[in-house]
Amino acid sequence: MLTSEDEAVRRLVAGFALDQALDVTDPESWIGLDIGVRELAWQRPELFHSNASPSGRRLNWSREASPPAVTWPRKPGDAELALALCHPDGRIREAALGHAEERPALLALVVIRCADWAGPVRDRARALLAEEPPHRLAAHAALILRVGDRSRGGFTQELLTGALRAGPAAQAEALLDSGDRATARLAYRVAVERRLLPIARLAQIAARHRDVVVQDLCAEAAVAALGEGTFEEFREVVVPLLGSRQPRVRSAGVTALRRAGRHADAEPYLTDRSAVVRACARWVLRQGGTDPVPLYRALCADPAGRPAAAVGLGECGTREDADRIRALLAHPVPGVRACSVAGLRALDAVRVDDVRPLLDDPSAAVVRQATAALLPWADRVPQELLRELLTEDRPRHQRVAAIRLLQAVGVHAQL
């Protein structure tokens, strides 16, 4: 069965134009072509002997030269040259590069040859690529970054990065919306370094972008720029960060509260669902002279609206707070029960007899936390209880918990 790479090679051998043989906009098509030509050399070696080009057209070899020189009797076309640039013989690849100058259609293969295993081929390709204008490098950014991941590919990546840093701002900005993840990340990195994006836009990107690397990059840049800005920027920068669904972005927004001098505004984030955000909120409050522990203790008096108060107290409280948290194990709100178990784990104050009944809890979140808390003491949980939890009439989360605890003591169980 022919693959797309095989089909592309055979089309080029048959004389098809480049854009008819493969998708010239897809970097993987060029990489596949490079691999496909070598695979075809194993299947049809007669196309690749020393005096024939991959397309069947003859090459001339000068025997007087040492090493032998490779020449074409006439100027080769793009399709023929593309196959020669992928030829298994390094001398032919090197000779083909001599015809690749001012051939934009073949620039992708010049990029690939910059990481060639043959030194002369690699050096010649790099010399050609270094002469290309920045906009052509940017057009092949996705392929350049893929080649840059190879053992000899650093040159291409450095060349592209340098072009984006020194070139027109519009060139880097045009790559921000690239569908290729690596290209978009590089473009954002350059845009942040060059301060091409307004602070408000950085905050919006951090709050809404799907890529966590871009989120972190823009959030950190927005917070850093806020320190140089004015108080009026608070609403358009910090508020979007605080409203993000991503914990790392929210934590950046909480940290920015200190820069804005609004330490007290961190108090609602003491009970954030993310441990990172809670830790940042505690740090900001301490920077403003407020101890978060009394606040957590007060919240634990009525935690129904803010269940994470129990786990927050466990993260920063003392062993004396264990009884306060333990009393919440029987709270009617499942979230409070789950966070209470997590708080006891954070305090290293888990008592098997207190947590074991929660394995029978109707809430999956509570059972997950109870299982995690009991795993170090799984041998102290009666196996009769666990086998009872394995019966078919039990909810799946209870059966999974029983399996995990049985496996922890070496008993094989299957769901």
# chains A, B, ... in the order shown; residues from 1 in each chain; ligands from 1

call {"tool": "closest_atom_pairs", "arguments": {"of": "stretch 158-251 of chain A", "to": "stretch 255-278 of chain A", "cutoff": "8 Å", "atoms": "only C-alpha atoms", "output": "Markdown table"}}
result
| residue | atom | partner | partner_atom | distance |
| --- | --- | --- | --- | --- |
| A:Val223 | CA | A:Ala256 | CA | 5.7 |
| A:Leu226 | CA | A:Arg259 | CA | 7.4 |
| A:Gly227 | CA | A:Arg259 | CA | 6.0 |
| A:Phe231 | CA | A:Ala260 | CA | 6.7 |
| A:Phe234 | CA | A:Ala260 | CA | 7.0 |
| A:Val238 | CA | A:Ala256 | CA | 6.7 |
| A:Pro247 | CA | A:Ser274 | CA | 6.0 |
| A:Arg248 | CA | A:Val276 | CA | 7.2 |
| A:Arg250 | CA | A:Val277 | CA | 6.5 |
| A:Ser251 | CA | A:Val277 | CA | 4.6 |

call {"tool": "write_last_selection", "arguments": {"atoms": "C-alpha atoms", "output": "tab-separated table (two decimals), in the first residue's frame"}}
result
chain	number	residue	atom	x	y	z
A	223	VAL	CA	2.72	41.26	35.51
A	226	LEU	CA	2.39	46.27	35.44
A	227	GLY	CA	5.19	47.23	37.82
A	231	PHE	CA	-2.67	52.12	38.86
A	234	PHE	CA	-5.09	47.35	37.17
A	238	VAL	CA	-5.04	42.02	36.68
A	247	PRO	CA	-4.51	28.08	37.69
A	248	ARG	CA	-1.07	29.34	36.63
A	250	ARG	CA	-4.76	33.11	38.12
A	251	SER	CA	-1.69	32.72	40.33

call {"tool": "residues_around", "arguments": {"residues": "A:Ala309", "least_positions_apart": "2", "cutoff": "8 Å", "atoms": "only C-alpha atoms", "output": "PyMOL selection string"}}
result
chain A and resi 270-271+296-297+299-300+303+306-307+311-313+339

call {"tool": "write_last_selection", "arguments": {"atoms": "N, CA, C and O atoms", "output": "PDB file, in the first residue's frame"}}
result
ATOM      1  N   LEU A 270      -7.719  32.635  48.869  1.00  0.00           N
ATOM      2  CA  LEU A 270      -7.232  31.673  49.858  1.00  0.00           C
ATOM      3  C   LEU A 270      -7.923  30.328  49.706  1.00  0.00           C
ATOM      4  O   LEU A 270      -7.370  29.292  50.094  1.00  0.00           O
ATOM      5  N   THR A 271      -9.119  30.342  49.149  1.00  0.00           N
ATOM      6  CA  THR A 271      -9.883  29.096  48.990  1.00  0.00           C
ATOM      7  C   THR A 271     -10.064  28.738  47.522  1.00  0.00           C
ATOM      8  O   THR A 271     -11.055  28.102  47.152  1.00  0.00           O
ATOM      9  N   TYR A 296      -8.206  31.413  57.752  1.00  0.00           N
ATOM     10  CA  TYR A 296      -8.627  30.043  57.447  1.00  0.00           C
ATOM     11  C   TYR A 296      -9.444  29.454  58.603  1.00  0.00           C
ATOM     12  O   TYR A 296     -10.455  28.768  58.384  1.00  0.00           O
ATOM     13  N   ARG A 297      -9.009  29.693  59.811  1.00  0.00           N
ATOM     14  CA  ARG A 297      -9.736  29.144  60.964  1.00  0.00           C
ATOM     15  C   ARG A 297     -11.154  29.703  61.029  1.00  0.00           C
ATOM     16  O   ARG A 297     -12.106  28.970  61.324  1.00  0.00           O
ATOM     17  N   LEU A 299     -12.891  30.778  58.474  1.00  0.00           N
ATOM     18  CA  LEU A 299     -13.650  30.218  57.359  1.00  0.00           C
ATOM     19  C   LEU A 299     -14.090  28.785  57.638  1.00  0.00           C
ATOM     20  O   LEU A 299     -15.154  28.353  57.194  1.00  0.00           O
ATOM     21  N   CYS A 300     -13.289  28.041  58.383  1.00  0.00           N
ATOM     22  CA  CYS A 300     -13.631  26.654  58.700  1.00  0.00           C
ATOM     23  C   CYS A 300     -14.810  26.548  59.656  1.00  0.00           C
ATOM     24  O   CYS A 300     -15.392  25.468  59.817  1.00  0.00           O
ATOM     25  N   PRO A 303     -17.730  26.437  56.389  1.00  0.00           N
ATOM     26  CA  PRO A 303     -17.034  26.303  55.106  1.00  0.00           C
ATOM     27  C   PRO A 303     -17.912  25.925  53.926  1.00  0.00           C
ATOM     28  O   PRO A 303     -17.391  25.648  52.850  1.00  0.00           O
ATOM     29  N   ARG A 306     -17.189  27.953  50.944  1.00  0.00           N
ATOM     30  CA  ARG A 306     -15.779  27.955  50.522  1.00  0.00           C
ATOM     31  C   ARG A 306     -15.115  26.678  51.035  1.00  0.00           C
ATOM     32  O   ARG A 306     -14.347  26.692  51.994  1.00  0.00           O
ATOM     33  N   PRO A 307     -15.421  25.559  50.395  1.00  0.00           N
ATOM     34  CA  PRO A 307     -14.958  24.261  50.909  1.00  0.00           C
ATOM     35  C   PRO A 307     -13.444  24.138  51.042  1.00  0.00           C
ATOM     36  O   PRO A 307     -12.955  23.416  51.915  1.00  0.00           O
ATOM     37  N   VAL A 311      -8.646  22.534  53.298  1.00  0.00           N
ATOM     38  CA  VAL A 311      -7.348  22.144  52.763  1.00  0.00           C
ATOM     39  C   VAL A 311      -6.350  23.296  52.892  1.00  0.00           C
ATOM     40  O   VAL A 311      -5.155  23.088  53.139  1.00  0.00           O
ATOM     41  N   GLY A 312      -6.828  24.523  52.765  1.00  0.00           N
ATOM     42  CA  GLY A 312      -5.939  25.675  52.936  1.00  0.00           C
ATOM     43  C   GLY A 312      -5.378  25.749  54.341  1.00  0.00           C
ATOM     44  O   GLY A 312      -4.190  26.044  54.542  1.00  0.00           O
ATOM     45  N   LEU A 313      -6.237  25.468  55.330  1.00  0.00           N
ATOM     46  CA  LEU A 313      -5.762  25.464  56.710  1.00  0.00           C
ATOM     47  C   LEU A 313      -4.746  24.347  56.921  1.00  0.00           C
ATOM     48  O   LEU A 313      -3.737  24.536  57.619  1.00  0.00           O
ATOM     49  N   CYS A 339     -12.215  18.165  50.899  1.00  0.00           N
ATOM     50  CA  CYS A 339     -11.135  19.098  51.246  1.00  0.00           C
ATOM     51  C   CYS A 339     -10.630  18.852  52.668  1.00  0.00           C
ATOM     52  O   CYS A 339      -9.452  19.107  52.960  1.00  0.00           O
TER      53      CYS A 339
END

call {"tool": "atom_distance", "arguments": {"atom1": "atom CA of A:Ala219", "atom2": "atom CA of A:Ala206"}}
result
5.2 Å

call {"tool": "select_by_dssp", "arguments": {"residues": "stretch 187-241 of chain A", "states": "helix (DSSP H, G or I)", "output": "ChimeraX atom specification"}}
result
/A:187-193,199-208,212-226,231-241

call {"tool": "atom_distance", "arguments": {"atom1": "atom CA of A:Ala187", "atom2": "atom CA of A:Val254"}}
result
26.6 Å
